[in-house]
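Coordinates from model.csv are shown below (CSV, C-alpha atoms (C1' of nucleotides)).
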```
chain,number,residue,atom,x,y,z
A,858,MET,CA,10.8,-104.3,78.4
A,859,PHE,CA,10.7,-106.3,81.7
A,860,LYS,CA,13.4,-108.9,82.3
A,861,GLU,CA,12.5,-112.2,83.9
A,862,LEU,CA,13.2,-112.4,87.6
A,863,ASP,CA,14.8,-115.7,88.9
A,864,PRO,CA,12.0,-117.0,91.2
A,865,LEU,CA,14.6,-118.6,93.4
A,866,LEU,CA,16.0,-115.2,94.3
A,867,HIS,CA,12.7,-113.3,94.1
A,868,SER,CA,11.9,-114.3,97.7
A,869,GLN,CA,12.5,-112.0,100.6
A,870,LEU,CA,14.4,-114.4,102.7
A,871,ARG,CA,16.5,-116.1,100.0
A,872,LEU,CA,17.4,-112.7,98.6
A,873,ALA,CA,18.5,-111.6,102.1
A,874,ILE,CA,20.6,-114.7,102.6
A,875,MET,CA,22.3,-114.2,99.2
A,876,SER,CA,22.7,-110.5,99.9
A,877,LEU,CA,24.5,-111.3,103.2
A,878,LEU,CA,26.7,-114.0,101.6
A,879,MET,CA,27.7,-111.5,98.9
A,880,SER,CA,29.6,-109.4,101.4
A,881,VAL,CA,31.2,-112.1,103.5
A,882,GLU,CA,33.5,-115.1,102.7
A,883,GLU,CA,31.1,-117.4,104.5
A,884,ALA,CA,28.3,-117.3,107.1
A,885,GLU,CA,27.0,-119.5,109.9
A,886,PHE,CA,23.4,-120.5,110.2
A,887,THR,CA,23.0,-118.5,113.4
A,888,TYR,CA,24.5,-115.4,111.8
A,889,LEU,CA,22.1,-115.6,108.9
A,890,LYS,CA,19.3,-116.2,111.4
A,891,GLU,CA,20.2,-113.2,113.5
A,892,LYS,CA,20.7,-110.9,110.5
A,893,THR,CA,17.6,-111.9,108.6
A,894,GLY,CA,15.3,-112.3,111.6
A,895,ALA,CA,13.9,-115.4,110.1
A,896,SER,CA,12.7,-118.5,112.1
A,897,SER,CA,15.0,-121.5,112.1
A,898,GLY,CA,12.6,-123.5,110.2
A,899,ASN,CA,12.1,-121.1,107.4
A,900,LEU,CA,15.8,-120.4,107.2
A,901,SER,CA,16.6,-124.1,107.1
A,902,VAL,CA,14.2,-124.6,104.2
A,903,GLN,CA,15.4,-121.7,102.2
A,904,ILE,CA,19.1,-122.5,102.7
A,905,ASP,CA,18.3,-125.9,101.3
A,906,LYS,CA,16.7,-124.5,98.2
A,907,LEU,CA,19.7,-122.3,97.5
A,908,LYS,CA,21.8,-125.3,98.0
A,909,GLN,CA,19.8,-127.5,95.6
A,910,ALA,CA,20.2,-124.7,93.0
A,911,GLU,CA,23.9,-124.7,93.8
A,912,TYR,CA,23.8,-121.0,94.5
A,913,ILE,CA,25.5,-121.8,97.8
A,914,THR,CA,27.4,-124.7,99.4
A,915,VAL,CA,26.5,-125.9,102.9
A,916,THR,CA,29.1,-127.5,105.2
A,917,LYS,CA,27.9,-129.2,108.4
A,918,SER,CA,30.2,-129.9,111.3
A,919,PHE,CA,30.4,-129.4,115.0
A,920,ARG,CA,31.8,-126.7,117.2
A,921,ASP,CA,31.9,-126.9,121.0
A,922,ASN,CA,29.7,-129.9,120.8
A,923,TYR,CA,26.9,-128.1,118.9
A,924,PRO,CA,26.1,-128.5,115.2
A,925,LEU,CA,27.5,-125.9,113.0
A,926,THR,CA,26.2,-125.0,109.5
A,927,ILE,CA,28.3,-122.9,107.3
A,928,CYS,CA,27.0,-121.4,104.0
A,929,LYS,CA,29.1,-120.0,101.2
A,930,LYS,CA,28.1,-118.5,97.9
A,931,THR,CA,29.2,-120.3,94.7
A,932,LYS,CA,30.2,-118.7,91.4
A,933,ARG,CA,26.9,-119.7,90.0
A,934,GLY,CA,25.2,-118.0,93.0
A,935,ILE,CA,27.1,-114.8,92.4
A,936,LYS,CA,26.2,-114.7,88.8
A,937,ALA,CA,22.5,-115.4,89.6
A,938,PHE,CA,22.5,-112.7,92.2
A,939,GLU,CA,24.1,-110.1,89.9
A,940,SER,CA,21.7,-111.0,87.1
A,941,TYR,CA,18.8,-110.7,89.4
A,942,VAL,CA,19.8,-107.3,90.6
A,943,ASP,CA,20.4,-106.2,87.0
A,944,ASN,CA,17.0,-107.5,85.8
A,945,LEU,CA,15.2,-106.0,88.7
A,946,LYS,CA,16.3,-102.6,87.6
A,947,SER,CA,14.0,-102.8,84.6
A,948,TYR,CA,11.1,-102.7,87.1
A,949,LEU,CA,12.4,-99.8,89.1
A,950,LYS,CA,13.0,-97.1,86.5
A,951,PRO,CA,11.2,-93.8,87.2
B,452,MET,CA,19.3,-104.4,108.3
B,453,PHE,CA,16.8,-105.7,105.8
B,454,LYS,CA,13.6,-103.7,105.3
B,455,GLU,CA,10.3,-105.5,104.9
B,456,LEU,CA,9.1,-105.9,101.3
B,457,ASP,CA,5.4,-105.3,100.7
B,458,PRO,CA,4.3,-108.8,99.5
B,459,LEU,CA,1.7,-107.1,97.3
B,460,LEU,CA,4.4,-105.5,95.3
B,461,HIS,CA,7.0,-108.3,95.6
B,462,SER,CA,5.4,-110.2,92.7
B,463,GLN,CA,6.9,-110.0,89.2
B,464,LEU,CA,3.6,-109.2,87.5
B,465,ARG,CA,2.1,-106.8,90.0
B,466,LEU,CA,5.4,-104.9,90.2
B,467,ALA,CA,5.5,-104.7,86.4
B,468,ILE,CA,1.9,-103.3,86.4
B,469,MET,CA,2.8,-100.7,89.0
B,470,SER,CA,6.0,-99.9,87.2
B,471,LEU,CA,4.1,-99.2,84.0
B,472,LEU,CA,1.5,-97.1,85.8
B,473,MET,CA,4.2,-95.0,87.4
B,474,SER,CA,5.2,-93.6,84.0
B,475,VAL,CA,1.7,-93.0,82.6
B,476,GLU,CA,-1.4,-91.1,83.6
B,477,GLU,CA,-3.5,-94.3,83.1
B,478,ALA,CA,-3.3,-97.5,81.2
B,479,GLU,CA,-5.7,-99.9,79.4
B,480,PHE,CA,-5.9,-103.6,80.2
B,481,THR,CA,-4.7,-104.4,76.7
B,482,TYR,CA,-1.8,-102.1,77.0
B,483,LEU,CA,-0.7,-103.7,80.3
B,484,LYS,CA,-1.2,-107.1,78.8
B,485,GLU,CA,1.0,-106.3,75.8
B,486,LYS,CA,3.7,-104.6,77.9
B,487,THR,CA,3.9,-107.3,80.6
B,488,GLY,CA,3.4,-110.3,78.3
B,489,ALA,CA,1.1,-111.7,80.9
B,490,SER,CA,-2.0,-113.9,80.2
B,491,SER,CA,-5.3,-112.2,80.4
B,492,GLY,CA,-6.3,-114.4,83.4
B,493,ASN,CA,-3.2,-113.7,85.4
B,494,LEU,CA,-3.4,-110.0,84.6
B,495,SER,CA,-7.1,-109.8,85.6
B,496,VAL,CA,-6.4,-111.4,88.9
B,497,GLN,CA,-3.4,-109.3,89.7
B,498,ILE,CA,-5.1,-106.1,88.7
B,499,ASP,CA,-7.9,-107.0,91.1
B,500,LYS,CA,-5.4,-107.5,94.0
B,501,LEU,CA,-3.9,-104.1,93.4
B,502,LYS,CA,-7.4,-102.6,93.3
B,503,GLN,CA,-8.4,-104.4,96.6
B,504,ALA,CA,-5.3,-102.8,98.2
B,505,GLU,CA,-6.3,-99.5,96.7
B,506,TYR,CA,-3.0,-99.2,94.9
B,507,ILE,CA,-4.9,-98.5,91.7
B,508,THR,CA,-8.3,-97.6,90.6
B,509,VAL,CA,-10.1,-99.6,87.9
B,510,THR,CA,-12.7,-98.0,85.6
B,511,LYS,CA,-14.8,-100.2,83.4
B,512,SER,CA,-16.6,-98.9,80.4
B,513,PHE,CA,-17.1,-99.6,76.7
B,514,ARG,CA,-15.3,-98.4,73.6
B,515,ASP,CA,-16.5,-99.4,70.1
B,516,ASN,CA,-18.8,-101.9,71.6
B,517,TYR,CA,-16.0,-103.7,73.4
B,518,PRO,CA,-15.3,-103.7,77.2
B,519,LEU,CA,-12.6,-101.3,78.2
B,520,THR,CA,-10.7,-101.5,81.5
B,521,ILE,CA,-8.6,-98.5,82.5
B,522,CYS,CA,-6.2,-98.6,85.4
B,523,LYS,CA,-4.7,-95.7,87.3
B,524,LYS,CA,-2.3,-95.5,90.2
B,525,THR,CA,-3.5,-93.9,93.5
B,526,LYS,CA,-1.5,-91.8,95.9
B,527,ARG,CA,-1.4,-94.8,98.2
B,528,GLY,CA,-0.1,-96.9,95.3
B,529,ILE,CA,2.6,-94.4,94.5
B,530,LYS,CA,3.8,-94.3,98.1
B,531,ALA,CA,3.8,-98.1,98.3
B,532,PHE,CA,5.8,-98.4,95.1
B,533,GLU,CA,8.3,-95.8,96.3
B,534,SER,CA,8.7,-97.5,99.7
B,535,TYR,CA,9.1,-100.9,98.0
B,536,VAL,CA,11.9,-99.6,95.8
B,537,ASP,CA,13.5,-97.9,98.7
B,538,ASN,CA,13.3,-101.0,100.9
B,539,LEU,CA,14.5,-103.2,98.2
B,540,LYS,CA,17.8,-101.3,98.0
B,541,SER,CA,18.7,-102.8,101.4
B,542,TYR,CA,19.0,-106.1,99.7
B,543,LEU,CA,21.0,-105.0,96.7
B,544,LYS,CA,23.9,-103.3,98.3
B,545,PRO,CA,27.3,-104.6,97.1
C,1380,DT,C1',17.4,-135.3,137.0
C,1381,DA,C1',14.3,-132.0,135.3
C,1382,DA,C1',14.1,-127.8,132.8
C,1383,DA,C1',16.0,-124.8,129.7
C,1384,DT,C1',19.1,-123.9,125.7
C,1385,DT,C1',21.4,-124.7,121.2
C,1386,DA,C1',21.1,-125.8,116.6
C,1387,DG,C1',18.9,-127.1,113.7
C,1388,DT,C1',15.1,-130.4,110.4
C,1389,DT,C1',10.6,-132.1,109.1
C,1390,DT,C1',5.8,-131.6,108.1
C,1391,DA,C1',1.4,-129.6,107.7
C,1392,DT,C1',-1.1,-125.9,106.4
C,1393,DA,C1',-2.0,-121.5,104.5
C,1394,DA,C1',-1.2,-118.2,101.0
C,1395,DT,C1',0.1,-117.3,96.1
C,1396,DG,C1',0.6,-117.6,91.4
C,1397,DT,C1',-1.0,-119.0,87.1
C,1398,DA,C1',-3.0,-121.5,83.2
C,1399,DA,C1',-7.0,-123.4,81.4
C,1400,DA,C1',-11.6,-123.0,80.9
C,1401,DC,C1',-15.4,-120.1,80.7
C,1402,DT,C1',-18.5,-115.8,79.8
C,1403,DA,C1',-20.4,-112.5,76.9
C,1404,DC,C1',-20.4,-110.1,73.5
C,1405,DT,C1',-19.0,-108.5,68.3
C,1406,DT,C1',-17.3,-109.0,63.8
C,1407,DT,C1',-16.6,-111.4,59.6
C,1408,DA,C1',-17.5,-114.9,56.2
C,1409,DC,C1',-20.4,-117.8,53.9
D,854,DG,C1',-29.1,-115.7,59.3
D,855,DT,C1',-25.9,-118.5,61.3
D,856,DA,C1',-21.4,-120.5,62.0
D,857,DA,C1',-16.7,-119.4,63.0
D,858,DA,C1',-13.3,-116.4,64.7
D,859,DG,C1',-12.0,-112.5,67.4
D,860,DT,C1',-12.1,-109.1,71.5
D,861,DA,C1',-11.9,-108.3,76.3
D,862,DG,C1',-12.0,-109.8,79.8
D,863,DT,C1',-13.4,-113.2,84.6
D,864,DT,C1',-13.6,-117.4,87.2
D,865,DT,C1',-11.9,-121.6,89.0
D,866,DA,C1',-8.9,-125.3,89.7
D,867,DC,C1',-4.5,-126.8,90.4
D,868,DA,C1',0.3,-126.5,91.4
D,869,DT,C1',3.9,-124.2,93.6
D,870,DT,C1',5.6,-121.5,97.7
D,871,DA,C1',6.2,-119.9,102.0
D,872,DT,C1',6.0,-120.3,106.7
D,873,DA,C1',5.0,-121.6,111.3
D,874,DA,C1',4.5,-125.2,114.4
D,875,DA,C1',6.0,-129.4,115.9
D,876,DC,C1',9.8,-132.3,116.2
D,877,DT,C1',14.8,-134.3,116.8
D,878,DA,C1',18.9,-134.6,119.2
D,879,DA,C1',22.0,-133.3,121.8
D,880,DT,C1',24.1,-130.0,125.7
D,881,DT,C1',24.1,-127.1,129.6
D,882,DT,C1',22.4,-125.3,133.9
D,883,DA,C1',19.9,-125.4,138.2
```
Would you kindly transcribe this structure into structure tokens?
Amino acid sequence: MFKELDPLLHSQLRLAIMSLLMSVEEAEFTYLKEKTGASSGNLSVQIDKLKQAEYITVTKSFRDNYPLTICKKTKRGIKAFESYVDNLKSYLKP
Amino acid sequence: MFKELDPLLHSQLRLAIMSLLMSVEEAEFTYLKEKTGASSGNLSVQIDKLKQAEYITVTKSFRDNYPLTICKKTKRGIKAFESYVDNLKSYLKP
DNA sequence: TAAATTAGTTTATAATGTAAACTACTTTAC
DNA sequence: GTAAAGTAGTTTACATTATAAACTAATTTA
């Protein structure tokens, strides 16, 4: 009947992050912040959770003297996202 | 970009309840329990939240000496569900 | 050199979700 | 008739989550 929904993705902000990452090769912290409209703090925490789950990789460096955080989806992340979307459909049928 | 997701519906169990109610005129507590696989306690709490929000109406009576709880979607609930599904699509685009 | 800005992280608290325990009755078995 | 098991829930206590506020650490601008 109803499929389980991965709790890691069933969160507005984390889902938005993954959704954005699906359509780009990689994304900067500031880009994700702007597109999602999230606060820095919240974004930082949620990025970390996605990283812990290995749904994304996070690379920290510097650019023009400022810290630069780059996020990228993993294969595991792609699979999880696709499953989530698929499972979600069982709830949306008319 | 991303639409807001009604937190009341962005919950696996409450979404499942509303999803079930969408396709039937009304549903009994036991029916919802069986279809969702939820525990009675959890179901009771989530039904109450949907009722507080006036997404459903709850009618309590007796049948064959046992308590009988019947749930039914409201217009408000239907609109909320439809908006939720619509807004959710902004997260699922490929 | 003080104030504002960038790019974040940490932490404290509020909000949520959920299982376990409980209520209140009914039915069945002895 | 009464003890045990079953029905249909509700309440409450705890654990998990989410999020905003406060903080770090540096840079830039005035």
May I have the residues of chain A within 8 Å of chain C, counting only C-alpha atoms (C1' of nucleotides), written as a PyMOL selection string? chain A and resi 897-898+901+923-925
What residues in chain D have any atom no more than 9 Å from chain A when counting only C-alpha atoms (C1' of nucleotides), and can you write them as a count of residues only? 5
Result of fitting chain B to chain A over every paired C-alpha, as a PDB file with C-alpha atoms, in the coordinates of the input:
```
ATOM      1  CA  MET B 452      10.868-104.458  78.399  1.00  0.00           C
ATOM      2  CA  PHE B 453      10.737-106.355  81.651  1.00  0.00           C
ATOM      3  CA  LYS B 454      13.475-108.916  82.312  1.00  0.00           C
ATOM      4  CA  GLU B 455      12.604-112.231  83.907  1.00  0.00           C
ATOM      5  CA  LEU B 456      13.266-112.445  87.659  1.00  0.00           C
ATOM      6  CA  ASP B 457      14.809-115.685  88.897  1.00  0.00           C
ATOM      7  CA  PRO B 458      11.991-116.979  91.195  1.00  0.00           C
ATOM      8  CA  LEU B 459      14.669-118.555  93.395  1.00  0.00           C
ATOM      9  CA  LEU B 460      15.998-115.183  94.238  1.00  0.00           C
ATOM     10  CA  HIS B 461      12.680-113.268  94.112  1.00  0.00           C
ATOM     11  CA  SER B 462      11.859-114.303  97.694  1.00  0.00           C
ATOM     12  CA  GLN B 463      12.451-111.888 100.585  1.00  0.00           C
ATOM     13  CA  LEU B 464      14.328-114.414 102.711  1.00  0.00           C
ATOM     14  CA  ARG B 465      16.418-116.122 100.070  1.00  0.00           C
ATOM     15  CA  LEU B 466      17.426-112.736  98.636  1.00  0.00           C
ATOM     16  CA  ALA B 467      18.403-111.564 102.124  1.00  0.00           C
ATOM     17  CA  ILE B 468      20.555-114.741 102.565  1.00  0.00           C
ATOM     18  CA  MET B 469      22.265-114.170  99.237  1.00  0.00           C
ATOM     19  CA  SER B 470      22.678-110.512  99.992  1.00  0.00           C
ATOM     20  CA  LEU B 471      24.458-111.317 103.235  1.00  0.00           C
ATOM     21  CA  LEU B 472      26.664-113.924 101.578  1.00  0.00           C
ATOM     22  CA  MET B 473      27.701-111.457  98.914  1.00  0.00           C
ATOM     23  CA  SER B 474      29.527-109.344 101.506  1.00  0.00           C
ATOM     24  CA  VAL B 475      31.195-112.174 103.449  1.00  0.00           C
ATOM     25  CA  GLU B 476      33.495-115.069 102.707  1.00  0.00           C
ATOM     26  CA  GLU B 477      31.042-117.453 104.496  1.00  0.00           C
ATOM     27  CA  ALA B 478      28.361-117.274 107.079  1.00  0.00           C
ATOM     28  CA  GLU B 479      27.013-119.452 109.942  1.00  0.00           C
ATOM     29  CA  PHE B 480      23.374-120.476 110.216  1.00  0.00           C
ATOM     30  CA  THR B 481      23.085-118.511 113.439  1.00  0.00           C
ATOM     31  CA  TYR B 482      24.543-115.465 111.896  1.00  0.00           C
ATOM     32  CA  LEU B 483      22.069-115.595 108.977  1.00  0.00           C
ATOM     33  CA  LYS B 484      19.273-116.222 111.395  1.00  0.00           C
ATOM     34  CA  GLU B 485      20.169-113.182 113.501  1.00  0.00           C
ATOM     35  CA  LYS B 486      20.720-110.919 110.474  1.00  0.00           C
ATOM     36  CA  THR B 487      17.534-111.920 108.611  1.00  0.00           C
ATOM     37  CA  GLY B 488      15.288-112.260 111.674  1.00  0.00           C
ATOM     38  CA  ALA B 489      13.930-115.385 110.125  1.00  0.00           C
ATOM     39  CA  SER B 490      12.698-118.495 112.062  1.00  0.00           C
ATOM     40  CA  SER B 491      15.024-121.393 112.168  1.00  0.00           C
ATOM     41  CA  GLY B 492      12.524-123.529 110.162  1.00  0.00           C
ATOM     42  CA  ASN B 493      12.054-121.026 107.403  1.00  0.00           C
ATOM     43  CA  LEU B 494      15.785-120.380 107.220  1.00  0.00           C
ATOM     44  CA  SER B 495      16.608-124.126 107.063  1.00  0.00           C
ATOM     45  CA  VAL B 496      14.225-124.635 104.234  1.00  0.00           C
ATOM     46  CA  GLN B 497      15.364-121.664 102.252  1.00  0.00           C
ATOM     47  CA  ILE B 498      19.005-122.468 102.727  1.00  0.00           C
ATOM     48  CA  ASP B 499      18.279-125.928 101.346  1.00  0.00           C
ATOM     49  CA  LYS B 500      16.615-124.440  98.195  1.00  0.00           C
ATOM     50  CA  LEU B 501      19.630-122.289  97.520  1.00  0.00           C
ATOM     51  CA  LYS B 502      21.876-125.327  98.006  1.00  0.00           C
ATOM     52  CA  GLN B 503      19.691-127.479  95.613  1.00  0.00           C
ATOM     53  CA  ALA B 504      20.162-124.717  92.991  1.00  0.00           C
ATOM     54  CA  GLU B 505      23.845-124.703  93.750  1.00  0.00           C
ATOM     55  CA  TYR B 506      23.759-121.034  94.615  1.00  0.00           C
ATOM     56  CA  ILE B 507      25.540-121.838  97.858  1.00  0.00           C
ATOM     57  CA  THR B 508      27.406-124.607  99.418  1.00  0.00           C
ATOM     58  CA  VAL B 509      26.493-125.903 102.885  1.00  0.00           C
ATOM     59  CA  THR B 510      29.097-127.468 105.204  1.00  0.00           C
ATOM     60  CA  LYS B 511      27.956-129.218 108.322  1.00  0.00           C
ATOM     61  CA  SER B 512      30.241-129.883 111.197  1.00  0.00           C
ATOM     62  CA  PHE B 513      30.479-129.457 114.964  1.00  0.00           C
ATOM     63  CA  ARG B 514      31.868-126.702 117.148  1.00  0.00           C
ATOM     64  CA  ASP B 515      31.938-127.044 120.965  1.00  0.00           C
ATOM     65  CA  ASN B 516      29.769-130.049 120.738  1.00  0.00           C
ATOM     66  CA  TYR B 517      27.036-128.191 118.895  1.00  0.00           C
ATOM     67  CA  PRO B 518      26.066-128.571 115.174  1.00  0.00           C
ATOM     68  CA  LEU B 519      27.516-125.890 112.993  1.00  0.00           C
ATOM     69  CA  THR B 520      26.189-125.030 109.524  1.00  0.00           C
ATOM     70  CA  ILE B 521      28.345-122.817 107.319  1.00  0.00           C
ATOM     71  CA  CYS B 522      27.084-121.356 104.085  1.00  0.00           C
ATOM     72  CA  LYS B 523      29.091-119.975 101.199  1.00  0.00           C
ATOM     73  CA  LYS B 524      28.115-118.465  97.885  1.00  0.00           C
ATOM     74  CA  THR B 525      29.206-120.242  94.638  1.00  0.00           C
ATOM     75  CA  LYS B 526      30.233-118.657  91.382  1.00  0.00           C
ATOM     76  CA  ARG B 527      26.870-119.693  89.996  1.00  0.00           C
ATOM     77  CA  GLY B 528      25.196-118.015  92.978  1.00  0.00           C
ATOM     78  CA  ILE B 529      27.124-114.822  92.458  1.00  0.00           C
ATOM     79  CA  LYS B 530      26.178-114.657  88.786  1.00  0.00           C
ATOM     80  CA  ALA B 531      22.526-115.344  89.603  1.00  0.00           C
ATOM     81  CA  PHE B 532      22.465-112.621  92.232  1.00  0.00           C
ATOM     82  CA  GLU B 533      24.108-110.151  89.856  1.00  0.00           C
ATOM     83  CA  SER B 534      21.677-110.988  87.027  1.00  0.00           C
ATOM     84  CA  TYR B 535      18.718-110.708  89.430  1.00  0.00           C
ATOM     85  CA  VAL B 536      19.782-107.236  90.518  1.00  0.00           C
ATOM     86  CA  ASP B 537      20.413-106.234  86.989  1.00  0.00           C
ATOM     87  CA  ASN B 538      17.046-107.543  85.791  1.00  0.00           C
ATOM     88  CA  LEU B 539      15.257-106.031  88.634  1.00  0.00           C
ATOM     89  CA  LYS B 540      16.350-102.535  87.575  1.00  0.00           C
ATOM     90  CA  SER B 541      13.995-102.865  84.581  1.00  0.00           C
ATOM     91  CA  TYR B 542      11.154-102.663  86.981  1.00  0.00           C
ATOM     92  CA  LEU B 543      12.381 -99.762  89.052  1.00  0.00           C
ATOM     93  CA  LYS B 544      12.992 -97.172  86.448  1.00  0.00           C
ATOM     94  CA  PRO B 545      11.236 -93.839  87.151  1.00  0.00           C
TER      95      PRO B 545
END
```
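If we count all atoms listed in the file, these residues of chain B sit within 8 Å of chain A: B:Met452, B:Phe453, B:Leu456, B:His461, B:Gln463, B:Leu466, B:Ala467, B:Ser470, B:Met473, B:Ser474, B:Lys486, B:Thr487, B:Val536, B:Tyr542, B:Leu543, B:Lys544, B:Pro545.
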In Å to one decimal, how far is CA of Ile521 in chain B from CA of Ala478 in chain B?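 Between CA of Ala478 in chain B and CA of Ile521 in chain B the gap works out to 5.5 Å.
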Gap from CA of Ile498 in chain B to CA of Leu459 in chain B - Å, one decimal: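 Taking CA of Ile498 in chain B as the start and CA of Leu459 in chain B as the end point, the length is 11.0 Å.
Pairwise distance (CA of Cys928 in chain A, CA of Leu460 in chain B) equals 29.0 Å.
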Could range 524-544 of chain B be completed with N, CA and C atoms and returned as a CSV table (one decimal), in the coordinates of the input?
```csv
chain,number,residue,atom,x,y,z
B,524,LYS,N,-2.9,-95.4,88.9
B,524,LYS,CA,-2.3,-95.5,90.2
B,524,LYS,C,-3.0,-94.5,91.2
B,525,THR,N,-3.0,-94.8,92.4
B,525,THR,CA,-3.5,-93.9,93.5
B,525,THR,C,-2.3,-93.4,94.2
B,526,LYS,N,-2.6,-92.4,95.1
B,526,LYS,CA,-1.5,-91.8,95.9
B,526,LYS,C,-0.9,-92.9,96.8
B,527,ARG,N,-1.8,-93.7,97.3
B,527,ARG,CA,-1.4,-94.8,98.2
B,527,ARG,C,-0.5,-95.8,97.4
B,528,GLY,N,-0.9,-96.0,96.1
B,528,GLY,CA,-0.1,-96.9,95.3
B,528,GLY,C,1.3,-96.3,95.0
B,529,ILE,N,1.3,-95.0,94.7
B,529,ILE,CA,2.6,-94.4,94.5
B,529,ILE,C,3.5,-94.5,95.7
B,530,LYS,N,3.0,-94.2,96.9
B,530,LYS,CA,3.8,-94.3,98.1
B,530,LYS,C,4.3,-95.7,98.3
B,531,ALA,N,3.4,-96.7,98.1
B,531,ALA,CA,3.8,-98.1,98.3
B,531,ALA,C,4.9,-98.5,97.4
B,532,PHE,N,4.8,-98.1,96.1
B,532,PHE,CA,5.8,-98.4,95.1
B,532,PHE,C,7.1,-97.8,95.5
B,533,GLU,N,7.1,-96.5,95.9
B,533,GLU,CA,8.3,-95.8,96.3
B,533,GLU,C,9.0,-96.4,97.5
B,534,SER,N,8.1,-96.8,98.5
B,534,SER,CA,8.7,-97.5,99.7
B,534,SER,C,9.3,-98.8,99.3
B,535,TYR,N,8.6,-99.5,98.4
B,535,TYR,CA,9.1,-100.9,98.0
B,535,TYR,C,10.5,-100.7,97.4
B,536,VAL,N,10.6,-99.8,96.5
B,536,VAL,CA,11.9,-99.6,95.8
B,536,VAL,C,13.0,-99.2,96.8
B,537,ASP,N,12.6,-98.4,97.7
B,537,ASP,CA,13.5,-97.9,98.7
B,537,ASP,C,14.0,-99.1,99.6
B,538,ASN,N,13.0,-99.9,100.0
B,538,ASN,CA,13.3,-101.0,100.9
B,538,ASN,C,14.1,-102.0,100.2
B,539,LEU,N,13.8,-102.2,99.0
B,539,LEU,CA,14.5,-103.2,98.2
B,539,LEU,C,16.0,-102.9,98.1
B,540,LYS,N,16.3,-101.7,98.1
B,540,LYS,CA,17.8,-101.3,98.0
B,540,LYS,C,18.6,-101.9,99.2
B,541,SER,N,18.0,-102.2,100.3
B,541,SER,CA,18.7,-102.8,101.4
B,541,SER,C,19.2,-104.2,101.1
B,542,TYR,N,18.6,-104.8,100.1
B,542,TYR,CA,19.0,-106.1,99.7
B,542,TYR,C,20.0,-106.2,98.6
B,543,LEU,N,20.2,-105.0,97.9
B,543,LEU,CA,21.0,-105.0,96.7
B,543,LEU,C,22.4,-104.4,96.9
B,544,LYS,N,22.6,-103.9,98.0
B,544,LYS,CA,23.9,-103.3,98.3
B,544,LYS,C,25.1,-104.2,98.0
```
